[in-house]
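Colleague: Below are the structure tokens for one structure; questions will follow.
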Amino acid sequence: MRIIRALQIAPRASFAAIATALGLTEGAVNRRYRRLRADGVVRVAGVVNPGALGQSRWLVRLRCRPGSVAAIADALAKRDDVNWVSLGAAGCEITCATQSRTREQREDLLGRRLPRTAAVIDINAFAMLRQFLGGRGHYWSALEGTLSPQEEAALGSGEPPFTEAPVVTREPLRLTPEDGRMLDALGADGRASLVDLATAAGLTPGRVARRLDTLLQQRVVHLDVEIAAAALGYHTRANLWLRVHPSAVKSAGRALAQEPGIAFAAAVSGPWNLHAVAHCRDLDELFEFTSDRIGSLAGLQSMEVSPVLRLVKQAGTRLVDDRLVEPSGGQLL
């Protein structure tokens, strides 16, 4: 837990720096991190923010015929433009998040491929309008207190790295081919060395270091520390669909972002104007959390709690038996 928390604060910190901050040996940190990664507990990856490139993001709910959801979810999870997939509603519903690079790509998926899939009964798509929590904010509060203030200060600021932001920037950035190759390598391993990133991009390590720093500052990419929630004792997940008074959407979204049990929160289009993802230890904790904490939000009019039966993909990383696996591409649907 201490090493995972250290990575949350400084994802690319050297093993030597982490060891010094935690009072461990460099070899012990190295071995433990590699074991955690091999066991599918943690994975550091560079995740591109599609909004910084002018790409919209959508949440999609699919109602499917019984017995068909596993195959459809697996096909969706293999797509590069789908970065989050979960199964719910007694195995008859799929919720996914898309980040298509072009309008044509989005329309191809939502307007042609999915509707033509015979097992899909109903499709509802919601545009993401404002993100209140996400990215490296995942599980930040879950591990709060694992390290002492002095240990956290030795690693960095200790401040949550995600702040509320528009989903799509008004001045999108254009990536160069070198940027694309570097980000692909960073997506495979967020702790890849500058030498490895430079080799992938065809640049010098110095130029890669400067370009990566620029892309991080402009929020084109963030270093995500993906964690298998079950490994931390969080065995119950749920999609929360909230309808709040329009004047309370911002305040409710910001309140959700402060809740330790919330891993993601965003304002969306459609009848449910807020969507959030909750992680709890069990169903009883989910009940207490949604009734006491979420149920008391000012302006809340109604709420649907949809427990997740199985998480198939999160932040671009596939999961098998609640363990992270290396991502793979493909366009099967």
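Identifiers in the structure tokens: chain A, B, ... in order shown; residue index from 1 per chain; ligand index from 1 in order shown.
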Give me, as a compact mmCIF listing (two decimals) with N, CA and C atoms, in the first residue's frame, all polymer residues having an atom no more than 7 Å from range 43-48 of chain A, counting only C-alpha atoms and skipping those fewer than 3 positions away in the same chain.
Modeller:
```txt
# COMPACT_ATOMS: atom_id res chain seq x y z
N PRO A 11 4.33 9.28 -10.00
CA PRO A 11 4.28 8.05 -10.82
C PRO A 11 5.60 7.68 -11.50
N ARG A 37 2.79 -5.32 -10.18
CA ARG A 37 2.40 -5.20 -11.58
C ARG A 37 2.15 -6.57 -12.20
N LEU A 183 3.71 8.90 -26.94
CA LEU A 183 2.55 8.65 -26.10
C LEU A 183 2.11 7.19 -26.15
N LEU A 186 4.39 5.54 -23.78
CA LEU A 186 4.03 5.92 -22.41
C LEU A 186 2.74 5.23 -21.99
N GLY A 187 1.85 4.98 -22.95
CA GLY A 187 0.62 4.26 -22.64
C GLY A 187 0.90 2.81 -22.27
N ALA A 188 1.91 2.22 -22.89
CA ALA A 188 2.27 0.84 -22.57
C ALA A 188 2.95 0.75 -21.22
N ASP A 189 3.73 1.78 -20.86
CA ASP A 189 4.42 1.80 -19.57
C ASP A 189 4.66 3.25 -19.18
N GLY A 190 3.90 3.72 -18.21
CA GLY A 190 4.03 5.12 -17.78
C GLY A 190 5.34 5.42 -17.09
N ARG A 191 6.09 4.39 -16.73
CA ARG A 191 7.39 4.58 -16.09
C ARG A 191 8.55 4.28 -17.06
N VAL A 220 -2.52 17.31 -21.89
CA VAL A 220 -2.76 16.44 -23.05
C VAL A 220 -2.66 14.98 -22.61
N VAL A 221 -1.82 14.72 -21.63
CA VAL A 221 -1.66 13.37 -21.10
C VAL A 221 -1.49 13.48 -19.59
N HIS A 222 -1.95 12.46 -18.87
CA HIS A 222 -1.68 12.37 -17.44
C HIS A 222 -1.17 10.98 -17.14
N LEU A 223 -0.40 10.89 -16.08
CA LEU A 223 0.15 9.60 -15.67
C LEU A 223 -0.81 8.98 -14.68
N ASP A 224 -1.49 7.95 -15.12
CA ASP A 224 -2.53 7.32 -14.32
C ASP A 224 -1.97 6.10 -13.60
N VAL A 225 -2.22 6.01 -12.32
CA VAL A 225 -1.85 4.84 -11.55
C VAL A 225 -3.11 4.00 -11.39
N GLU A 226 -3.27 3.05 -12.30
CA GLU A 226 -4.45 2.20 -12.27
C GLU A 226 -4.28 1.13 -11.19
N ILE A 227 -5.34 0.94 -10.41
CA ILE A 227 -5.30 0.00 -9.30
C ILE A 227 -6.49 -0.94 -9.40
```
Colleague: Considering only strand (DSSP E) as DSSP defines it on the backbone, what residues of range 22-87 of chain A qualify? List them as a PyMOL selection string.
Modeller: chain A and resi 42-48+58-64+82-87
Colleague: Counting only C-alpha atoms, figure out which residue out of A:Gly295, A:Gln55, A:Tyr234, A:Glu259 gets nearest to His279 in chain A.
Modeller: A:Tyr234
Colleague: List the neighbours of Ala19 in chain A out to 9 Å using only C-alpha atoms; skip same-chain residues closer than 4 positions along the sequence, and give me the result as a list of chain:residue names.
Modeller: A:Ile3, A:Ser14, A:Phe15, A:Gly23, A:Leu24, A:Thr25, A:Glu26, A:Gly27, A:Ala28, A:Val29, A:Asn30
Colleague: Hey, can you check how far CA of Ala165 in chain A sits from CA of Trp84 in chain A?
Modeller: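 Rounded to one decimal, the two atoms are 19.6 Å apart.
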Colleague: Just the helix (DSSP H, G or I) stuff from range 1-123 of chain A, please, per backbone DSSP, written as number ranges by chain.
Modeller: A: 2-9, 15-22, 26-38, 50-53, 69-77, 89-91, 103-113
Colleague: Just want the 8 Å neighbourhood of Gly88 in chain A, counted on only C-alpha atoms, with same-chain residues fewer than 3 positions away dropped. Output as a list of chain:residue names.
Modeller: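 Returned residues: A:Gly91, A:Cys92, A:Glu93, A:Ile94, A:Thr95, A:Ser306, A:Pro307, A:Val308, A:Leu309, A:Arg310.
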Colleague: Restrict the selected residues to all heavy atoms and save them as a PDB file, in the first residue's frame.
Modeller:
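Printed below is out.pdb as written:
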```pdb
ATOM      1  N   GLY A  91     -26.632  -8.614 -15.700  1.00  0.00           N
ATOM      2  CA  GLY A  91     -25.990  -9.145 -16.891  1.00  0.00           C
ATOM      3  C   GLY A  91     -26.644  -8.773 -18.201  1.00  0.00           C
ATOM      4  O   GLY A  91     -26.322  -9.347 -19.239  1.00  0.00           O
ATOM      5  N   CYS A  92     -27.551  -7.799 -18.191  1.00  0.00           N
ATOM      6  CA  CYS A  92     -28.242  -7.406 -19.417  1.00  0.00           C
ATOM      7  C   CYS A  92     -27.889  -5.992 -19.870  1.00  0.00           C
ATOM      8  O   CYS A  92     -28.432  -5.515 -20.863  1.00  0.00           O
ATOM      9  CB  CYS A  92     -29.759  -7.508 -19.231  1.00  0.00           C
ATOM     10  SG  CYS A  92     -30.345  -9.196 -18.960  1.00  0.00           S
ATOM     11  N   GLU A  93     -27.002  -5.314 -19.154  1.00  0.00           N
ATOM     12  CA  GLU A  93     -26.674  -3.937 -19.515  1.00  0.00           C
ATOM     13  C   GLU A  93     -25.168  -3.738 -19.553  1.00  0.00           C
ATOM     14  O   GLU A  93     -24.430  -4.274 -18.719  1.00  0.00           O
ATOM     15  CB  GLU A  93     -27.285  -2.951 -18.511  1.00  0.00           C
ATOM     16  CG  GLU A  93     -26.992  -1.490 -18.847  1.00  0.00           C
ATOM     17  CD  GLU A  93     -27.635  -0.531 -17.871  1.00  0.00           C
ATOM     18  OE1 GLU A  93     -28.839  -0.262 -18.017  1.00  0.00           O
ATOM     19  OE2 GLU A  93     -26.941  -0.053 -16.958  1.00  0.00           O
ATOM     20  N   ILE A  94     -24.730  -2.975 -20.547  1.00  0.00           N
ATOM     21  CA  ILE A  94     -23.330  -2.577 -20.667  1.00  0.00           C
ATOM     22  C   ILE A  94     -23.264  -1.063 -20.585  1.00  0.00           C
ATOM     23  O   ILE A  94     -24.038  -0.365 -21.250  1.00  0.00           O
ATOM     24  CB  ILE A  94     -22.716  -3.045 -22.000  1.00  0.00           C
ATOM     25  CG1 ILE A  94     -22.744  -4.565 -22.113  1.00  0.00           C
ATOM     26  CG2 ILE A  94     -21.284  -2.531 -22.151  1.00  0.00           C
ATOM     27  CD1 ILE A  94     -22.328  -5.071 -23.489  1.00  0.00           C
ATOM     28  N   THR A  95     -22.366  -0.554 -19.766  1.00  0.00           N
ATOM     29  CA  THR A  95     -22.075   0.874 -19.737  1.00  0.00           C
ATOM     30  C   THR A  95     -20.647   1.057 -20.209  1.00  0.00           C
ATOM     31  O   THR A  95     -19.737   0.365 -19.722  1.00  0.00           O
ATOM     32  CB  THR A  95     -22.240   1.456 -18.324  1.00  0.00           C
ATOM     33  OG1 THR A  95     -23.566   1.222 -17.864  1.00  0.00           O
ATOM     34  CG2 THR A  95     -21.978   2.957 -18.331  1.00  0.00           C
ATOM     35  N   SER A 306     -26.830   1.570  -9.970  1.00  0.00           N
ATOM     36  CA  SER A 306     -26.693   0.385 -10.820  1.00  0.00           C
ATOM     37  C   SER A 306     -25.403  -0.351 -10.462  1.00  0.00           C
ATOM     38  O   SER A 306     -24.320   0.020 -10.934  1.00  0.00           O
ATOM     39  CB  SER A 306     -26.683   0.793 -12.298  1.00  0.00           C
ATOM     40  OG  SER A 306     -26.534  -0.327 -13.139  1.00  0.00           O
ATOM     41  N   PRO A 307     -25.475  -1.385  -9.608  1.00  0.00           N
ATOM     42  CA  PRO A 307     -24.263  -2.128  -9.242  1.00  0.00           C
ATOM     43  C   PRO A 307     -23.581  -2.742 -10.463  1.00  0.00           C
ATOM     44  O   PRO A 307     -24.240  -3.215 -11.394  1.00  0.00           O
ATOM     45  CB  PRO A 307     -24.787  -3.216  -8.293  1.00  0.00           C
ATOM     46  CG  PRO A 307     -26.063  -2.663  -7.760  1.00  0.00           C
ATOM     47  CD  PRO A 307     -26.659  -1.885  -8.902  1.00  0.00           C
ATOM     48  N   VAL A 308     -22.267  -2.719 -10.450  1.00  0.00           N
ATOM     49  CA  VAL A 308     -21.470  -3.290 -11.534  1.00  0.00           C
ATOM     50  C   VAL A 308     -21.206  -4.758 -11.222  1.00  0.00           C
ATOM     51  O   VAL A 308     -20.640  -5.088 -10.176  1.00  0.00           O
ATOM     52  CB  VAL A 308     -20.141  -2.527 -11.701  1.00  0.00           C
ATOM     53  CG1 VAL A 308     -19.229  -3.236 -12.701  1.00  0.00           C
ATOM     54  CG2 VAL A 308     -20.408  -1.090 -12.143  1.00  0.00           C
ATOM     55  N   LEU A 309     -21.643  -5.620 -12.122  1.00  0.00           N
ATOM     56  CA  LEU A 309     -21.377  -7.049 -11.951  1.00  0.00           C
ATOM     57  C   LEU A 309     -19.929  -7.383 -12.274  1.00  0.00           C
ATOM     58  O   LEU A 309     -19.310  -8.208 -11.612  1.00  0.00           O
ATOM     59  CB  LEU A 309     -22.303  -7.868 -12.842  1.00  0.00           C
ATOM     60  CG  LEU A 309     -23.804  -7.760 -12.563  1.00  0.00           C
ATOM     61  CD1 LEU A 309     -24.569  -8.666 -13.508  1.00  0.00           C
ATOM     62  CD2 LEU A 309     -24.113  -8.105 -11.115  1.00  0.00           C
ATOM     63  N   ARG A 310     -19.411  -6.738 -13.322  1.00  0.00           N
ATOM     64  CA  ARG A 310     -18.024  -7.005 -13.715  1.00  0.00           C
ATOM     65  C   ARG A 310     -17.468  -5.805 -14.450  1.00  0.00           C
ATOM     66  O   ARG A 310     -18.111  -5.275 -15.355  1.00  0.00           O
ATOM     67  CB  ARG A 310     -17.942  -8.252 -14.608  1.00  0.00           C
ATOM     68  CG  ARG A 310     -16.519  -8.613 -15.016  1.00  0.00           C
ATOM     69  CD  ARG A 310     -16.439 -10.043 -15.530  1.00  0.00           C
ATOM     70  NE  ARG A 310     -17.176 -10.253 -16.757  1.00  0.00           N
ATOM     71  CZ  ARG A 310     -16.641 -10.133 -17.981  1.00  0.00           C
ATOM     72  NH1 ARG A 310     -15.377  -9.795 -18.119  1.00  0.00           N
ATOM     73  NH2 ARG A 310     -17.377 -10.366 -19.036  1.00  0.00           N
TER      74      ARG A 310
END
```
Colleague: With only C-alpha atoms as the counted atoms, please give the residues lying no more than 8 Å from Ser302 in chain A, apart from itself and same-chain residues fewer than 3 positions off, as a PDB file with C-alpha atoms, in the first residue's frame.
Modeller:
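Generated file (out_8.pdb):
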```pdb
ATOM      1  CA  LEU A 242     -28.329  11.394 -10.667  1.00  0.00           C
ATOM      2  CA  ARG A 243     -30.996  13.886 -11.631  1.00  0.00           C
ATOM      3  CA  VAL A 244     -30.465  17.207  -9.857  1.00  0.00           C
TER       4      VAL A 244
END
```
Colleague: Using only C-alpha atoms, which of the listed residues (A:Ala71, A:Ala16, A:Ala267, A:Ala10) sits closest to Val167 in chain A?
Modeller: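 Result for the nearest residue to Val167 in chain A: A:Ala267.
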